[in-house]
Amino acid sequence: MKRIITAKVKNRSGVLNRITGLLQRRQFNIESISVGRTEHEEMSRITFVVDVEDFQKLEQVTKQLNKQIDVIKVSDITDKAIVARELALIKIQSNPQLRHEIQSIIDPFRATVIDVSKDTMSIQVTGKQEKVEALIELLRPYGVKDIARTGLTAFLRGQQPSSSDQSSFSLLH
């Protein structure tokens, strides 16, 4: 089963290596990983998608990650309300006669052309993995020359107030 794990860690050299090493020693396959600084310069957020056999192994690795010195917090956010995106850059073969046709394919995906040369176009798309993969499949007949993907990055959605938290306010009064 695929799980989305986030880890807030200290932004130090070697932290990512220790975390991926721990996962590798436990024979977890990392399907995607993205890392970047958070709102605090001294911290980074790692988002990785792993394939685990069962919840017991997931709990075991989560506990082991939390024990690491530079790890602040590890969370499995798979079943929570999250915002998740992936970025892909796709370079395809193109010529001036095909550009309008390709533009009409990428428009519904809200993808953008980020580079054009005599015989190629580079396209940027962000969204859920299914959206990114669907666009790549539509572009394959044109000749995909290169693809660079970030992997999934995600965090929890903002807290929505419950009905008991809302004060009695109405625009109708």
# chains A, B, ... in the order shown; residues from 1 in each chain; ligands from 1

$ closest_atom_pairs --of "region 61-96 of chain A" --to "region 33-39 of chain A" --cutoff "12 Å" --atoms "only C-alpha atoms" --output "CSV"
residue,atom,partner,partner_atom,distance
A:Ala84,CA,A:Ser34,CA,11.6
A:Arg85,CA,A:Ser34,CA,10.8
A:Glu86,CA,A:Ser34,CA,9.4
A:Leu87,CA,A:Ser34,CA,10.6

$ select_by_dssp --residues "chain A" --states "alpha helix (DSSP H)" --output "PyMOL selection string"
chain A and resi 15-25+55-67+99-106+129-139

$ residues_around --residues "Asn11 (chain A)" --least-positions-apart "5" --cutoff "8 Å" --atoms "only C-alpha atoms" --output "compact mmCIF listing (two decimals) with N, CA and C atoms, in the first residue's frame"
# COMPACT_ATOMS: atom_id res chain seq x y z
N ARG A 37 12.99 23.82 2.01
CA ARG A 37 12.90 24.59 3.26
C ARG A 37 11.46 24.93 3.57
N GLU A 41 13.85 28.98 8.11
CA GLU A 41 15.07 28.61 7.38
C GLU A 41 15.79 27.42 7.96
N GLU A 42 15.67 27.23 9.26
CA GLU A 42 16.41 26.15 9.91
C GLU A 42 15.72 24.78 9.79
N MET A 43 14.54 24.75 9.14
CA MET A 43 13.80 23.49 8.99
C MET A 43 13.49 23.21 7.53
N SER A 44 13.43 21.91 7.19
CA SER A 44 13.00 21.46 5.87
C SER A 44 11.84 20.49 6.03

$ select_by_dssp --residues "region 48-140 of chain A" --states "strand (DSSP E or B)" --output "PyMOL selection string"
chain A and resi 48-51+71-76+82-93+112-116+120-127

$ residues_around --residues "region 131-140 of chain A" --least-positions-apart "4" --cutoff "10 Å" --atoms "only C-alpha atoms" --output "list in words"
Arg85, Glu86, Leu87, Ala88, Leu89, Ile90, Lys91, Ile92, Gln93, Ile102, Ile105, Ile106, Pro108, Phe109, Ala111, Gln124, Val125, Thr126, Gly127, Val144, Lys145, Ile147 and Arg149 of chain A

$ write_last_selection --atoms "N, CA, C and O atoms" --output "mmCIF file, in the first residue's frame"
data_model
loop_
_atom_site.group_PDB
_atom_site.id
_atom_site.type_symbol
_atom_site.label_atom_id
_atom_site.label_comp_id
_atom_site.auth_asym_id
_atom_site.auth_seq_id
_atom_site.Cartn_x
_atom_site.Cartn_y
_atom_site.Cartn_z
ATOM 1 N N ARG A 85 0.561 18.173 -4.688
ATOM 2 C CA ARG A 85 0.842 18.523 -6.076
ATOM 3 C C ARG A 85 2.158 17.913 -6.516
ATOM 4 O O ARG A 85 3.040 17.638 -5.703
ATOM 5 N N GLU A 86 2.256 17.761 -7.826
ATOM 6 C CA GLU A 86 3.498 17.342 -8.461
ATOM 7 C C GLU A 86 3.751 18.300 -9.611
ATOM 8 O O GLU A 86 2.814 18.820 -10.213
ATOM 9 N N LEU A 87 5.012 18.542 -9.909
ATOM 10 C CA LEU A 87 5.395 19.382 -11.033
ATOM 11 C C LEU A 87 6.123 18.506 -12.038
ATOM 12 O O LEU A 87 6.955 17.675 -11.652
ATOM 13 N N ALA A 88 5.793 18.674 -13.315
ATOM 14 C CA ALA A 88 6.508 17.957 -14.372
ATOM 15 C C ALA A 88 6.882 18.938 -15.472
ATOM 16 O O ALA A 88 6.094 19.810 -15.832
ATOM 17 N N LEU A 89 8.087 18.775 -15.984
ATOM 18 C CA LEU A 89 8.555 19.497 -17.162
ATOM 19 C C LEU A 89 8.681 18.456 -18.260
ATOM 20 O O LEU A 89 9.332 17.421 -18.069
ATOM 21 N N ILE A 90 8.040 18.712 -19.394
ATOM 22 C CA ILE A 90 7.990 17.740 -20.484
ATOM 23 C C ILE A 90 8.486 18.417 -21.759
ATOM 24 O O ILE A 90 7.926 19.434 -22.177
ATOM 25 N N LYS A 91 9.536 17.850 -22.353
ATOM 26 C CA LYS A 91 10.055 18.376 -23.625
ATOM 27 C C LYS A 91 9.596 17.431 -24.729
ATOM 28 O O LYS A 91 9.812 16.218 -24.647
ATOM 29 N N ILE A 92 8.928 18.005 -25.742
ATOM 30 C CA ILE A 92 8.438 17.193 -26.852
ATOM 31 C C ILE A 92 8.952 17.741 -28.177
ATOM 32 O O ILE A 92 9.301 18.917 -28.281
ATOM 33 N N GLN A 93 8.963 16.863 -29.177
ATOM 34 C CA GLN A 93 9.305 17.304 -30.524
ATOM 35 C C GLN A 93 8.165 18.170 -31.040
ATOM 36 O O GLN A 93 6.988 17.891 -30.769
ATOM 37 N N ILE A 102 -0.722 21.396 -30.264
ATOM 38 C CA ILE A 102 -0.214 21.021 -28.936
ATOM 39 C C ILE A 102 -0.776 21.945 -27.869
ATOM 40 O O ILE A 102 -1.171 21.504 -26.792
ATOM 41 N N ILE A 105 -4.092 20.906 -26.765
ATOM 42 C CA ILE A 105 -4.064 19.714 -25.912
ATOM 43 C C ILE A 105 -3.718 20.088 -24.474
ATOM 44 O O ILE A 105 -4.321 19.576 -23.524
ATOM 45 N N ILE A 106 -2.771 20.996 -24.282
ATOM 46 C CA ILE A 106 -2.306 21.305 -22.927
ATOM 47 C C ILE A 106 -3.210 22.291 -22.189
ATOM 48 O O ILE A 106 -3.218 22.318 -20.963
ATOM 49 N N PRO A 108 -6.536 22.454 -21.501
ATOM 50 C CA PRO A 108 -7.449 21.933 -20.472
ATOM 51 C C PRO A 108 -6.733 21.466 -19.203
ATOM 52 O O PRO A 108 -7.350 21.372 -18.149
ATOM 53 N N PHE A 109 -5.442 21.198 -19.294
ATOM 54 C CA PHE A 109 -4.654 20.763 -18.142
ATOM 55 C C PHE A 109 -4.056 21.942 -17.376
ATOM 56 O O PHE A 109 -3.355 21.747 -16.392
ATOM 57 N N ALA A 111 -1.682 23.630 -18.302
ATOM 58 C CA ALA A 111 -0.234 23.542 -18.475
ATOM 59 C C ALA A 111 0.228 24.746 -19.288
ATOM 60 O O ALA A 111 -0.567 25.370 -19.994
ATOM 61 N N GLN A 124 5.203 22.866 -18.862
ATOM 62 C CA GLN A 124 5.161 22.721 -17.411
ATOM 63 C C GLN A 124 3.739 22.415 -17.003
ATOM 64 O O GLN A 124 2.808 23.094 -17.430
ATOM 65 N N VAL A 125 3.562 21.406 -16.153
ATOM 66 C CA VAL A 125 2.239 21.077 -15.636
ATOM 67 C C VAL A 125 2.365 20.768 -14.146
ATOM 68 O O VAL A 125 3.356 20.173 -13.711
ATOM 69 N N THR A 126 1.380 21.230 -13.372
ATOM 70 C CA THR A 126 1.325 20.896 -11.953
ATOM 71 C C THR A 126 -0.044 20.323 -11.647
ATOM 72 O O THR A 126 -1.035 20.656 -12.295
ATOM 73 N N GLY A 127 -0.083 19.469 -10.650
ATOM 74 C CA GLY A 127 -1.358 18.888 -10.239
ATOM 75 C C GLY A 127 -1.166 17.516 -9.627
ATOM 76 O O GLY A 127 -0.061 17.130 -9.261
ATOM 77 N N VAL A 144 8.031 12.435 -27.002
ATOM 78 C CA VAL A 144 8.579 12.962 -25.754
ATOM 79 C C VAL A 144 10.085 12.763 -25.776
ATOM 80 O O VAL A 144 10.576 11.651 -25.926
ATOM 81 N N LYS A 145 10.818 13.867 -25.633
ATOM 82 C CA LYS A 145 12.282 13.821 -25.654
ATOM 83 C C LYS A 145 12.871 13.761 -24.251
ATOM 84 O O LYS A 145 13.937 13.191 -24.048
ATOM 85 N N ILE A 147 11.662 14.148 -19.726
ATOM 86 C CA ILE A 147 10.704 14.451 -18.658
ATOM 87 C C ILE A 147 11.485 14.620 -17.360
ATOM 88 O O ILE A 147 12.358 13.815 -17.046
ATOM 89 N N ARG A 149 10.407 15.257 -13.272
ATOM 90 C CA ARG A 149 9.288 15.344 -12.327
ATOM 91 C C ARG A 149 9.813 15.560 -10.915
ATOM 92 O O ARG A 149 10.846 15.020 -10.539
#
